[in-house]
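Enquirer: Sending over upload01.txt (compact mmCIF, C-alpha atoms).
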# COMPACT_ATOMS: atom_id res chain seq x y z
CA MET A 962 0.00 0.00 0.00
CA LYS A 963 1.01 3.61 -0.46
CA VAL A 964 0.86 5.88 2.58
CA LYS A 965 1.02 9.66 2.23
CA VAL A 966 3.21 11.14 4.94
CA LEU A 967 3.15 14.84 5.92
CA LEU A 968 6.46 16.35 6.96
CA PHE A 969 7.10 19.39 9.14
CA GLY A 970 10.02 21.46 10.37
CA ILE A 971 13.41 19.86 10.08
CA ALA A 972 11.85 16.61 8.80
CA ARG A 973 10.52 18.50 5.79
CA ASP A 974 13.91 20.07 5.19
CA ILE A 975 15.62 16.65 5.36
CA ALA A 976 13.13 15.00 3.00
CA GLY A 977 13.05 18.01 0.71
CA GLY A 978 9.28 18.35 0.66
CA ALA A 979 6.15 18.67 2.79
CA GLN A 980 4.69 15.35 1.66
CA GLN A 981 6.21 11.99 0.83
CA ASP A 982 4.60 8.83 -0.50
CA VAL A 983 5.90 5.70 1.21
CA GLU A 984 5.36 2.13 -0.05
CA LEU A 985 4.56 -0.24 2.79
CA ASP A 986 3.27 -3.80 3.07
CA THR A 987 -0.47 -3.95 3.72
CA GLY A 988 -1.01 -4.05 7.50
CA ALA A 989 2.34 -2.39 8.22
CA ASN A 990 2.58 -0.56 11.52
CA VAL A 991 4.15 2.72 12.66
CA ASP A 992 7.46 1.04 13.51
CA ALA A 993 7.70 -0.31 9.97
CA LEU A 994 7.05 3.17 8.61
CA LYS A 995 9.76 4.69 10.79
CA LYS A 996 12.22 2.00 9.66
CA LYS A 997 11.40 2.68 6.04
CA LEU A 998 11.71 6.45 6.48
CA THR A 999 15.04 6.32 8.29
CA GLY A 1000 16.26 4.07 5.47
CA MET A 1001 15.16 6.64 2.89
CA PHE A 1002 16.48 9.61 4.91
CA PRO A 1003 19.28 8.53 7.25
CA ARG A 1004 19.51 12.04 8.75
CA PHE A 1005 16.25 11.28 10.59
CA ASN A 1006 18.47 9.17 12.87
CA ASP A 1007 20.26 12.32 14.02
CA LEU A 1008 17.11 13.89 15.45
CA LYS A 1009 16.48 13.98 19.19
CA SER A 1010 13.19 12.16 18.63
CA LEU A 1011 10.93 11.15 15.77
CA MET A 1012 7.25 10.65 16.49
CA ILE A 1013 4.54 9.59 14.10
CA ALA A 1014 1.03 11.01 14.27
CA VAL A 1015 -1.86 9.08 12.79
CA ASN A 1016 -5.08 11.01 12.24
CA ASN A 1017 -3.83 13.89 14.42
CA GLU A 1018 -2.86 11.72 17.40
CA TYR A 1019 0.57 10.56 18.54
CA ALA A 1020 0.73 6.88 17.55
CA HIS A 1021 2.43 3.90 19.18
CA GLY A 1022 4.88 1.81 17.18
CA SER A 1023 2.36 -1.01 17.02
CA THR A 1024 -0.41 1.10 15.48
CA VAL A 1025 -1.41 -0.46 12.15
CA LEU A 1026 -1.60 1.92 9.20
CA SER A 1027 -3.98 2.06 6.28
CA GLU A 1028 -3.94 4.07 3.06
CA SER A 1029 -6.75 6.31 4.27
CA ASP A 1030 -4.90 7.43 7.41
CA GLU A 1031 -3.52 10.95 7.73
CA VAL A 1032 0.08 10.21 8.71
CA ALA A 1033 2.59 12.84 9.80
CA ILE A 1034 6.19 12.88 10.97
CA ILE A 1035 6.62 14.92 14.14
CA PRO A 1036 10.24 15.93 14.72
CA PRO A 1037 11.09 17.45 18.14
CA VAL A 1038 8.56 20.19 18.81
CA SER A 1039 9.67 23.68 19.84
CA GLY A 1040 6.61 25.88 20.18
CA GLY A 1041 5.96 28.41 22.90
CA MET B 37 4.61 66.19 72.64
CA LYS B 38 1.76 65.96 70.19
CA VAL B 39 2.05 63.36 67.40
CA LYS B 40 -0.22 63.44 64.35
CA VAL B 41 -1.33 59.94 63.43
CA LEU B 42 -2.79 59.02 60.02
CA LEU B 43 -5.48 56.35 60.00
CA PHE B 44 -6.54 54.07 57.17
CA GLY B 45 -9.14 51.43 56.46
CA ILE B 46 -10.85 49.94 59.47
CA ALA B 47 -8.61 51.97 61.81
CA ARG B 48 -10.05 55.16 60.37
CA ASP B 49 -13.57 53.82 60.77
CA ILE B 50 -12.89 52.89 64.41
CA ALA B 51 -11.34 56.27 65.25
CA GLY B 52 -13.93 58.16 63.27
CA GLY B 53 -11.43 60.16 61.25
CA ALA B 54 -8.41 60.00 58.97
CA GLN B 55 -6.13 61.83 61.39
CA GLN B 56 -5.80 61.84 65.15
CA ASP B 57 -3.58 63.92 67.43
CA VAL B 58 -2.06 61.87 70.25
CA GLU B 59 -0.37 63.34 73.35
CA LEU B 60 2.77 61.41 74.26
CA ASP B 61 5.72 61.96 76.59
CA THR B 62 8.74 63.38 74.83
CA GLY B 63 10.91 60.47 73.70
CA ALA B 64 7.98 58.03 73.65
CA ASN B 65 8.36 55.04 71.35
CA VAL B 66 6.02 53.15 69.02
CA ASP B 67 4.96 50.72 71.76
CA ALA B 68 3.88 53.66 73.91
CA LEU B 69 1.87 55.06 71.01
CA LYS B 70 0.13 51.72 70.44
CA LYS B 71 -0.71 51.47 74.14
CA LYS B 72 -2.15 54.97 74.10
CA LEU B 73 -4.15 54.31 70.96
CA THR B 74 -5.64 51.03 72.16
CA GLY B 75 -6.60 52.85 75.34
CA MET B 76 -8.36 55.56 73.33
CA PHE B 77 -9.97 53.06 70.90
CA PRO B 78 -10.31 49.63 72.52
CA ARG B 79 -11.66 48.13 69.27
CA PHE B 80 -8.10 48.28 67.92
CA ASN B 81 -7.51 45.24 70.15
CA ASP B 82 -9.93 43.23 68.03
CA LEU B 83 -7.86 43.61 64.86
CA LYS B 84 -5.73 40.77 63.54
CA SER B 85 -2.68 43.03 63.68
CA LEU B 86 -1.84 46.69 64.22
CA MET B 87 1.37 48.02 62.75
CA ILE B 88 2.76 51.50 62.99
CA ALA B 89 4.59 53.17 60.12
CA VAL B 90 7.00 55.99 60.79
CA ASN B 91 8.01 58.10 57.80
CA ASN B 92 6.58 55.50 55.39
CA GLU B 93 8.42 52.52 56.90
CA TYR B 94 7.10 49.80 59.19
CA ALA B 95 8.50 50.65 62.63
CA HIS B 96 9.63 48.46 65.53
CA GLY B 97 8.07 48.94 68.95
CA SER B 98 11.30 50.50 70.21
CA THR B 99 11.43 53.21 67.54
CA VAL B 100 11.44 56.60 69.25
CA LEU B 101 8.94 59.14 67.92
CA SER B 102 9.23 62.87 67.45
CA GLU B 103 6.65 65.52 66.58
CA SER B 104 8.03 65.89 63.06
CA ASP B 105 7.55 62.22 62.16
CA GLU B 106 4.85 61.12 59.75
CA VAL B 107 3.14 58.41 61.78
CA ALA B 108 0.45 56.07 60.45
CA ILE B 109 -1.59 53.20 61.78
CA ILE B 110 -1.51 50.21 59.45
CA PRO B 111 -4.37 47.79 60.12
CA PRO B 112 -4.21 44.38 58.38
CA VAL B 113 -3.55 45.05 54.69
CA SER B 114 -5.71 43.49 51.99
CA GLY B 115 -4.53 44.74 48.62
CA GLY B 116 -4.17 42.70 45.47
CA MET C 340 6.78 50.84 36.52
CA ILE C 341 5.19 51.15 39.94
CA GLU C 342 1.90 52.98 40.12
CA ILE C 343 -1.33 53.42 42.03
CA ARG C 344 -4.21 54.67 39.91
CA GLU C 345 -7.87 55.54 40.20
CA THR C 346 -8.54 54.71 36.56
CA PRO C 347 -9.09 51.28 34.97
CA LEU C 348 -5.97 49.16 34.52
CA ASP C 349 -4.75 48.04 31.11
CA VAL C 350 -3.13 44.59 30.98
CA ALA C 351 -1.59 45.25 27.56
CA GLU C 352 0.03 48.47 28.74
CA VAL C 353 1.67 46.81 31.75
CA THR C 354 2.81 43.84 29.65
CA GLN C 355 4.25 46.23 27.10
CA ALA C 356 6.14 48.03 29.86
CA VAL C 357 8.12 44.88 30.70
CA THR C 358 8.58 43.64 27.12
CA THR C 359 12.19 43.64 26.01
CA PRO C 360 14.07 41.77 23.28
CA THR C 361 16.35 40.21 25.90
CA ALA C 362 13.49 38.42 27.70
CA GLY C 363 11.84 35.23 26.50
CA GLY C 364 9.12 34.88 29.10
CA ILE C 365 6.68 37.29 30.70
CA ASP C 366 4.36 36.26 33.46
CA VAL C 367 1.47 38.57 34.19
CA PHE C 368 -0.80 38.28 37.20
CA VAL C 369 -4.16 40.01 36.99
CA GLY C 370 -6.17 40.30 40.19
CA THR C 371 -9.85 40.79 39.49
CA VAL C 372 -12.87 41.52 41.66
CA ARG C 373 -14.93 38.42 42.39
CA ASN C 374 -18.69 38.64 42.58
CA GLU C 375 -18.84 36.53 45.71
CA THR C 376 -16.79 35.76 48.79
CA ARG C 377 -17.50 33.20 51.49
CA GLY C 378 -20.86 32.53 49.85
CA LYS C 379 -22.00 36.17 49.91
CA LYS C 380 -22.67 38.30 46.85
CA VAL C 381 -20.21 41.18 46.48
CA VAL C 382 -21.83 44.36 45.17
CA ARG C 383 -18.60 46.37 44.90
CA LEU C 384 -15.19 46.84 46.46
CA GLU C 385 -13.64 50.02 47.83
CA PHE C 386 -9.84 50.10 47.71
CA GLU C 387 -7.76 52.68 49.51
CA ALA C 388 -4.00 53.09 49.81
CA TYR C 389 -1.51 54.89 52.00
CA GLU C 390 -0.08 55.89 48.70
CA LYS C 391 3.42 57.12 49.43
CA MET C 392 4.20 54.14 51.67
CA ALA C 393 2.47 51.69 49.33
CA LEU C 394 4.68 52.80 46.43
CA SER C 395 7.75 52.51 48.64
CA GLU C 396 6.77 48.99 49.80
CA MET C 397 6.16 47.92 46.19
CA GLU C 398 9.61 49.22 45.30
CA LYS C 399 11.09 47.13 48.12
CA ILE C 400 9.32 44.02 46.83
CA LEU C 401 10.76 44.51 43.35
CA ILE C 402 14.23 44.99 44.82
CA ARG C 403 13.88 41.74 46.77
CA ALA C 404 12.59 39.95 43.66
CA ARG C 405 15.56 41.18 41.64
CA GLU C 406 17.88 39.71 44.26
CA LYS C 407 16.26 36.30 43.84
CA TRP C 408 15.64 36.06 40.09
CA PRO C 409 17.31 37.36 36.90
CA ILE C 410 14.57 39.88 36.14
CA GLU C 411 14.76 41.98 32.99
CA LYS C 412 11.85 44.29 33.81
CA CYS C 413 8.98 44.22 36.28
CA ALA C 414 5.90 46.29 36.96
CA ILE C 415 3.20 46.63 39.60
CA VAL C 416 0.12 48.74 38.98
CA HIS C 417 -2.65 48.77 41.61
CA ARG C 418 -6.00 50.45 41.35
CA VAL C 419 -7.83 52.27 44.14
CA GLY C 420 -11.36 53.59 44.45
CA THR C 421 -14.62 51.81 43.70
CA LEU C 422 -14.40 48.58 41.69
CA LEU C 423 -17.15 46.28 40.42
CA PRO C 424 -16.83 42.59 39.48
CA PRO C 425 -14.85 41.73 37.35
CA ASP C 426 -12.77 44.95 37.36
CA ILE C 427 -9.01 44.61 37.58
CA ALA C 428 -7.53 45.57 40.97
CA VAL C 429 -3.87 44.83 40.28
CA VAL C 430 -1.59 43.90 37.40
CA ILE C 431 1.91 42.55 38.01
CA ALA C 432 4.23 41.70 35.14
CA VAL C 433 7.73 40.23 35.15
CA SER C 434 9.98 39.51 32.21
CA THR C 435 12.95 37.15 32.51
CA PRO C 436 15.30 35.50 30.02
CA HIS C 437 13.65 32.10 30.66
CA ARG C 438 10.12 31.42 31.71
CA VAL C 439 10.40 29.57 35.03
CA ALA C 440 11.84 32.61 36.78
CA SER C 441 9.01 34.81 35.52
CA PHE C 442 6.40 32.56 37.16
CA GLU C 443 8.30 32.32 40.43
CA ALA C 444 9.04 36.03 40.64
CA CYS C 445 5.49 37.09 39.75
CA ARG C 446 4.04 34.79 42.38
CA PHE C 447 6.50 36.08 44.98
CA ILE C 448 5.53 39.66 44.15
CA ILE C 449 1.78 39.19 44.51
CA ASP C 450 2.19 37.03 47.64
CA THR C 451 4.40 39.66 49.28
CA LEU C 452 2.24 42.57 48.12
CA LYS C 453 -0.72 41.02 49.91
CA GLU C 454 1.32 40.84 53.11
CA THR C 455 3.16 44.14 53.22
CA VAL C 456 1.74 46.86 50.96
CA PRO C 457 -0.58 49.29 52.80
CA ILE C 458 -3.66 48.94 50.63
CA TRP C 459 -7.03 48.01 52.06
CA LYS C 460 -10.21 46.74 50.53
CA LYS C 461 -13.72 46.91 51.86
CA GLU C 462 -16.26 44.44 50.50
CA ILE C 463 -19.72 45.91 50.10
CA PHE C 464 -22.46 43.29 50.32
CA GLU C 465 -26.18 43.75 49.83
CA ASP C 466 -26.64 43.83 53.59
CA GLY C 467 -23.46 45.37 54.92
CA ALA C 468 -19.75 45.94 54.43
CA GLU C 469 -16.50 44.51 55.75
CA TRP C 470 -12.81 45.44 55.67
CA VAL C 471 -11.14 42.32 54.29
CA SER C 472 -8.81 40.40 56.65
CA ALA C 473 -9.17 42.99 59.43
CA HIS C 474 -10.25 40.57 62.12
CA PRO C 475 -8.84 37.19 63.19
CA MET D 1500 -10.27 29.98 23.31
CA ILE D 1501 -7.71 27.87 21.43
CA GLU D 1502 -6.26 29.42 18.31
CA ILE D 1503 -3.31 29.48 15.95
CA ARG D 1504 -2.91 32.77 14.12
CA GLU D 1505 -0.62 34.42 11.61
CA THR D 1506 -1.40 37.89 12.92
CA PRO D 1507 0.06 39.64 16.00
CA LEU D 1508 -1.26 38.44 19.35
CA ASP D 1509 -3.12 40.72 21.74
CA VAL D 1510 -2.52 40.10 25.45
CA ALA D 1511 -5.54 42.17 26.48
CA GLU D 1512 -7.84 40.19 24.19
CA VAL D 1513 -6.73 36.83 25.60
CA THR D 1514 -6.94 38.10 29.17
CA GLN D 1515 -10.42 39.44 28.46
CA ALA D 1516 -11.43 36.04 27.11
CA VAL D 1517 -10.79 34.39 30.49
CA THR D 1518 -12.12 37.22 32.67
CA THR D 1519 -15.19 36.26 34.62
CA PRO D 1520 -16.81 37.64 37.79
CA THR D 1521 -16.40 34.27 39.50
CA ALA D 1522 -12.60 34.31 39.23
CA GLY D 1523 -10.29 36.30 41.48
CA GLY D 1524 -6.97 35.54 39.84
CA ILE D 1525 -5.78 35.39 36.26
CA ASP D 1526 -2.29 34.29 35.35
CA VAL D 1527 -1.11 35.14 31.87
CA PHE D 1528 2.04 33.78 30.30
CA VAL D 1529 3.43 35.69 27.33
CA GLY D 1530 6.20 34.03 25.35
CA THR D 1531 8.23 36.56 23.40
CA VAL D 1532 11.00 36.28 20.82
CA ARG D 1533 14.44 36.85 22.32
CA ASN D 1534 17.09 38.66 20.35
CA GLU D 1535 19.77 36.15 21.27
CA THR D 1536 20.13 32.49 22.10
CA ARG D 1537 23.23 30.64 23.25
CA GLY D 1538 25.22 33.82 22.69
CA LYS D 1539 24.16 34.29 19.07
CA LYS D 1540 22.09 37.16 17.73
CA VAL D 1541 18.64 36.08 16.51
CA VAL D 1542 17.50 37.96 13.41
CA ARG D 1543 14.04 36.43 13.25
CA LEU D 1544 12.08 33.27 14.02
CA GLU D 1545 9.94 31.19 11.68
CA PHE D 1546 7.14 29.27 13.40
CA GLU D 1547 5.13 26.57 11.72
CA ALA D 1548 2.40 24.31 13.03
CA TYR D 1549 0.69 21.08 12.08
CA GLU D 1550 -2.39 23.09 12.74
CA LYS D 1551 -5.19 20.58 13.12
CA MET D 1552 -3.15 18.36 15.43
CA ALA D 1553 -1.71 21.33 17.33
CA LEU D 1554 -5.23 22.59 18.13
CA SER D 1555 -6.22 19.10 19.23
CA GLU D 1556 -3.15 18.75 21.48
CA MET D 1557 -3.83 22.18 23.03
CA GLU D 1558 -7.38 21.07 23.73
CA LYS D 1559 -6.02 17.97 25.48
CA ILE D 1560 -3.73 20.09 27.64
CA LEU D 1561 -6.62 22.27 28.76
CA ILE D 1562 -8.67 19.17 29.57
CA ARG D 1563 -5.80 17.81 31.70
CA ALA D 1564 -5.38 21.20 33.42
CA ARG D 1565 -9.09 21.30 34.26
CA GLU D 1566 -8.75 17.89 35.89
CA LYS D 1567 -5.99 19.22 38.16
CA TRP D 1568 -7.16 22.74 39.06
CA PRO D 1569 -10.52 24.53 39.53
CA ILE D 1570 -10.22 26.54 36.33
CA GLU D 1571 -12.92 29.04 35.43
CA LYS D 1572 -11.68 29.80 31.92
CA CYS D 1573 -8.47 29.22 30.01
CA ALA D 1574 -7.05 30.20 26.66
CA ILE D 1575 -4.09 29.37 24.44
CA VAL D 1576 -3.28 31.45 21.38
CA HIS D 1577 -0.13 30.68 19.41
CA ARG D 1578 1.26 32.62 16.50
CA VAL D 1579 2.91 31.16 13.39
CA GLY D 1580 4.87 32.73 10.55
CA THR D 1581 7.76 35.15 10.77
CA LEU D 1582 8.39 36.85 14.11
CA LEU D 1583 10.97 39.44 15.12
CA PRO D 1584 12.25 40.17 18.64
CA PRO D 1585 10.32 40.99 20.84
CA ASP D 1586 7.14 39.77 19.07
CA ILE D 1587 4.73 37.60 21.03
CA ALA D 1588 4.74 33.92 20.05
CA VAL D 1589 2.21 32.59 22.53
CA VAL D 1590 -0.27 33.86 25.11
CA ILE D 1591 -1.75 31.53 27.72
CA ALA D 1592 -4.29 32.78 30.25
CA VAL D 1593 -6.00 30.97 33.11
CA SER D 1594 -8.58 32.30 35.52
CA THR D 1595 -9.31 30.56 38.81
CA PRO D 1596 -11.27 31.47 41.95
CA HIS D 1597 -8.00 31.91 43.91
CA ARG D 1598 -4.64 32.89 42.58
CA VAL D 1599 -2.33 29.99 43.43
CA ALA D 1600 -4.15 27.65 41.07
CA SER D 1601 -3.88 30.16 38.22
CA PHE D 1602 -0.08 30.21 38.50
CA GLU D 1603 0.21 26.43 38.74
CA ALA D 1604 -2.17 25.74 35.87
CA CYS D 1605 -0.61 28.35 33.57
CA ARG D 1606 2.85 26.95 34.17
CA PHE D 1607 1.61 23.40 33.55
CA ILE D 1608 0.03 24.49 30.27
CA ILE D 1609 3.13 26.20 28.85
CA ASP D 1610 5.42 23.39 30.06
CA THR D 1611 3.21 20.74 28.44
CA LEU D 1612 2.68 22.78 25.27
CA LYS D 1613 6.44 22.87 24.77
CA GLU D 1614 6.56 19.07 25.05
CA THR D 1615 3.57 17.92 23.06
CA VAL D 1616 2.11 20.49 20.67
CA PRO D 1617 3.34 20.09 17.07
CA ILE D 1618 4.70 23.57 16.49
CA TRP D 1619 8.26 24.16 15.36
CA LYS D 1620 10.48 27.19 15.37
CA LYS D 1621 13.51 27.92 13.28
CA GLU D 1622 15.97 30.49 14.54
CA ILE D 1623 17.48 32.62 11.80
CA PHE D 1624 20.92 33.97 12.71
CA GLU D 1625 23.07 36.35 10.72
CA ASP D 1626 25.13 33.39 9.49
CA GLY D 1627 22.68 30.52 9.31
CA ALA D 1628 19.50 28.96 10.66
CA GLU D 1629 18.55 26.16 13.02
CA TRP D 1630 15.41 24.25 13.97
CA VAL D 1631 15.22 24.64 17.74
CA SER D 1632 15.65 21.45 19.83
CA ALA D 1633 15.85 19.23 16.76
CA HIS D 1634 19.15 17.59 17.63
CA PRO D 1635 20.41 16.03 20.86
Can I see the file as structure tokens?
Expert:
Amino acid sequence: MKVKVLLFGIARDIAGGAQQDVELDTGANVDALKKKLTGMFPRFNDLKSLMIAVNNEYAHGSTVLSESDEVAIIPPVSGG
Amino acid sequence: MKVKVLLFGIARDIAGGAQQDVELDTGANVDALKKKLTGMFPRFNDLKSLMIAVNNEYAHGSTVLSESDEVAIIPPVSGG
Amino acid sequence: MIEIRETPLDVAEVTQAVTTPTAGGIDVFVGTVRNETRGKKVVRLEFEAYEKMALSEMEKILIRAREKWPIEKCAIVHRVGTLLPPDIAVVIAVSTPHRVASFEACRFIIDTLKETVPIWKKEIFEDGAEWVSAHP
Amino acid sequence: MIEIRETPLDVAEVTQAVTTPTAGGIDVFVGTVRNETRGKKVVRLEFEAYEKMALSEMEKILIRAREKWPIEKCAIVHRVGTLLPPDIAVVIAVSTPHRVASFEACRFIIDTLKETVPIWKKEIFEDGAEWVSAHP
């Protein structure tokens, strides 16, 4: 399946765009997505943290993804 | 000597005026003034506290008064 | 900025007075008039100050606060006269390089103000009036 | 009141939004842009938000704060876009019946916002730029 991933902040700069399509096996979970992404963009490994949000909620590694999910990479936040 | 005493808040209400002349022995201190005042207005004894300010500073009981001092009764404060 | 005023207080003005490009955090405390106290409806409050001494005591509080925290700028403005719920009675603002100090200093300032600054408030109820905190 | 805006923030407006006759204390935290960080001059900041999620995370923070303190009203307004020192990046306001809770709740809200809300800031220096907190 193809999952559309939104990218923000430094993650967008690293990937070179605000959105990235990622090919994953059907039934893949958040951990699989993170593994795939750090393979595509090794500089993600240098970040202090890398969270994944699914449908506007922080997701656990075991959360299963589907093509209709809104998926986003959340690099370390720094608001306020 | 005659000391002019300024009164505020409930102290003014008790004394019935914003200023009160008090006759004291020359060289009398703040404790002597408080004793005189509570004698004149026994309801001062009912207050949670009764501080005396001399020249805009909280004064100790041993502070000696003179006629030229600006003396004020400070009942319990409640600003803010 | 240390003032006692009879006119309405302006939170933006006091915040602006402590804003500086070297500070990252500003904490502002706004004391407002509640419409009830101890279960009784408050119609209005009357604030009065021993103004000269009150300003001097506020100055002392800010000096003590500056000894404890790295304060960039700080301000206390207190209103006197007749106030209705929810009028603003006091605004305190503190700017510091980092935010934790601004919270701590602002809380210290209002806590100490309530203990030492010669300002008094009388609560006017529908059936009477009372000087706040006067009696044990 | 939970908002993300591109336009300048107004401290008085946010304070007004939490003012109520049942509250006696309002604590307001104002986060401003500093002109230097770690010894380097900051030319400007660029803030961006994952807006829908950021609003939802702010809502969660206010729900958690209401579980901990007797909050009358609370507000978070965060700005995005380009900010210059000493522009206001965030205003948080909390009104409570008594003041101690307003300080504690306001501090909890800004502390938690900085940990969980998906907003990012890039510091632009004279000789480069850096996403704040991105690297260990």
Enquirer: Compile the contact shell of stretch 1615-1620 of chain D as an MDAnalysis selection string: residues with an atom at most 9 Å away, counting all atoms listed in the file, same-chain residues fewer than 2 positions apart removed.
Expert: (chainID A and resid 969:971 1035:1041) or (chainID D and resid 1544:1550 1552:1557 1560 1579 1611:1613 1622 1629:1632)
Enquirer: Do a neighbour search on B:Val107 at 7 Å with all atoms listed in the file, toss out local chain neighbours closer than 4 positions, and write the hits as a PDB file with C-alpha atoms, keeping the file's coordinate frame.
Expert:
ATOM      1  CA  LYS B  40      -0.220  63.440  64.350  1.00  0.00           C
ATOM      2  CA  VAL B  41      -1.330  59.940  63.430  1.00  0.00           C
ATOM      3  CA  LEU B  42      -2.790  59.020  60.020  1.00  0.00           C
ATOM      4  CA  ALA B  89       4.590  53.170  60.120  1.00  0.00           C
ATOM      5  CA  VAL B  90       7.000  55.990  60.790  1.00  0.00           C
ATOM      6  CA  ASN B  91       8.010  58.100  57.800  1.00  0.00           C
TER       7      ASN B  91
END
Enquirer: Can you move chain A onto chain B by a least-squares fit over all C-alpha atoms paired in order, then give me the moved copy as an mmCIF file with C-alpha atoms, in the coordinates of the input?
Expert:
data_model
loop_
_atom_site.group_PDB
_atom_site.id
_atom_site.type_symbol
_atom_site.label_atom_id
_atom_site.label_comp_id
_atom_site.auth_asym_id
_atom_site.auth_seq_id
_atom_site.Cartn_x
_atom_site.Cartn_y
_atom_site.Cartn_z
ATOM 1 C CA MET A 962 4.605 66.177 72.639
ATOM 2 C CA LYS A 963 1.759 65.925 70.169
ATOM 3 C CA VAL A 964 2.059 63.350 67.395
ATOM 4 C CA LYS A 965 -0.221 63.446 64.358
ATOM 5 C CA VAL A 966 -1.320 59.945 63.426
ATOM 6 C CA LEU A 967 -2.790 59.029 60.012
ATOM 7 C CA LEU A 968 -5.470 56.359 60.006
ATOM 8 C CA PHE A 969 -6.536 54.075 57.168
ATOM 9 C CA GLY A 970 -9.149 51.430 56.457
ATOM 10 C CA ILE A 971 -10.848 49.944 59.464
ATOM 11 C CA ALA A 972 -8.601 51.953 61.820
ATOM 12 C CA ARG A 973 -10.040 55.153 60.374
ATOM 13 C CA ASP A 974 -13.563 53.832 60.775
ATOM 14 C CA ILE A 975 -12.888 52.894 64.424
ATOM 15 C CA ALA A 976 -11.325 56.260 65.270
ATOM 16 C CA GLY A 977 -13.917 58.156 63.271
ATOM 17 C CA GLY A 978 -11.435 60.170 61.242
ATOM 18 C CA ALA A 979 -8.397 59.995 58.968
ATOM 19 C CA GLN A 980 -6.115 61.826 61.391
ATOM 20 C CA GLN A 981 -5.797 61.836 65.158
ATOM 21 C CA ASP A 982 -3.585 63.911 67.427
ATOM 22 C CA VAL A 983 -2.065 61.870 70.244
ATOM 23 C CA GLU A 984 -0.365 63.336 73.341
ATOM 24 C CA LEU A 985 2.767 61.415 74.247
ATOM 25 C CA ASP A 986 5.703 61.965 76.591
ATOM 26 C CA THR A 987 8.745 63.383 74.811
ATOM 27 C CA GLY A 988 10.921 60.457 73.673
ATOM 28 C CA ALA A 989 7.985 58.032 73.641
ATOM 29 C CA ASN A 990 8.360 55.044 71.354
ATOM 30 C CA VAL A 991 6.026 53.149 69.013
ATOM 31 C CA ASP A 992 4.951 50.738 71.758
ATOM 32 C CA ALA A 993 3.869 53.663 73.923
ATOM 33 C CA LEU A 994 1.860 55.053 71.022
ATOM 34 C CA LYS A 995 0.126 51.728 70.435
ATOM 35 C CA LYS A 996 -0.718 51.479 74.148
ATOM 36 C CA LYS A 997 -2.159 54.966 74.120
ATOM 37 C CA LEU A 998 -4.178 54.313 70.958
ATOM 38 C CA THR A 999 -5.648 51.028 72.152
ATOM 39 C CA GLY A 1000 -6.620 52.853 75.350
ATOM 40 C CA MET A 1001 -8.386 55.545 73.324
ATOM 41 C CA PHE A 1002 -9.973 53.042 70.903
ATOM 42 C CA PRO A 1003 -10.319 49.614 72.520
ATOM 43 C CA ARG A 1004 -11.655 48.110 69.268
ATOM 44 C CA PHE A 1005 -8.084 48.283 67.923
ATOM 45 C CA ASN A 1006 -7.498 45.243 70.157
ATOM 46 C CA ASP A 1007 -9.915 43.227 68.026
ATOM 47 C CA LEU A 1008 -7.847 43.619 64.863
ATOM 48 C CA LYS A 1009 -5.727 40.768 63.533
ATOM 49 C CA SER A 1010 -2.676 43.029 63.688
ATOM 50 C CA LEU A 1011 -1.845 46.680 64.227
ATOM 51 C CA MET A 1012 1.372 48.018 62.754
ATOM 52 C CA ILE A 1013 2.766 51.507 63.005
ATOM 53 C CA ALA A 1014 4.591 53.164 60.126
ATOM 54 C CA VAL A 1015 6.992 56.001 60.797
ATOM 55 C CA ASN A 1016 8.009 58.102 57.805
ATOM 56 C CA ASN A 1017 6.593 55.502 55.387
ATOM 57 C CA GLU A 1018 8.423 52.526 56.911
ATOM 58 C CA TYR A 1019 7.120 49.790 59.196
ATOM 59 C CA ALA A 1020 8.503 50.661 62.642
ATOM 60 C CA HIS A 1021 9.623 48.474 65.539
ATOM 61 C CA GLY A 1022 8.067 48.950 68.963
ATOM 62 C CA SER A 1023 11.284 50.498 70.221
ATOM 63 C CA THR A 1024 11.430 53.198 67.540
ATOM 64 C CA VAL A 1025 11.439 56.603 69.252
ATOM 65 C CA LEU A 1026 8.955 59.137 67.905
ATOM 66 C CA SER A 1027 9.234 62.867 67.429
ATOM 67 C CA GLU A 1028 6.659 65.521 66.572
ATOM 68 C CA SER A 1029 8.028 65.900 63.057
ATOM 69 C CA ASP A 1030 7.560 62.224 62.162
ATOM 70 C CA GLU A 1031 4.857 61.117 59.740
ATOM 71 C CA VAL A 1032 3.136 58.415 61.790
ATOM 72 C CA ALA A 1033 0.454 56.087 60.450
ATOM 73 C CA ILE A 1034 -1.593 53.199 61.790
ATOM 74 C CA ILE A 1035 -1.525 50.215 59.447
ATOM 75 C CA PRO A 1036 -4.372 47.788 60.127
ATOM 76 C CA PRO A 1037 -4.212 44.386 58.356
ATOM 77 C CA VAL A 1038 -3.555 45.062 54.686
ATOM 78 C CA SER A 1039 -5.724 43.495 51.981
ATOM 79 C CA GLY A 1040 -4.555 44.747 48.607
ATOM 80 C CA GLY A 1041 -4.184 42.698 45.463
#
Enquirer: Between D:Ala1574, D:Val1541, D:Ala1588, D:Val1527, which one has atoms that come closest to C:Thr354, using only C-alpha atoms?
Expert: D:Val1527
Enquirer: So the first atom is atom CA of D:Gln1515 and the second is atom CA of D:Asp1586; what is the distance between them in Å, to one decimal place?
Expert: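 Calculated distance between atom CA of D:Gln1515 and atom CA of D:Asp1586 is 19.9 Å.
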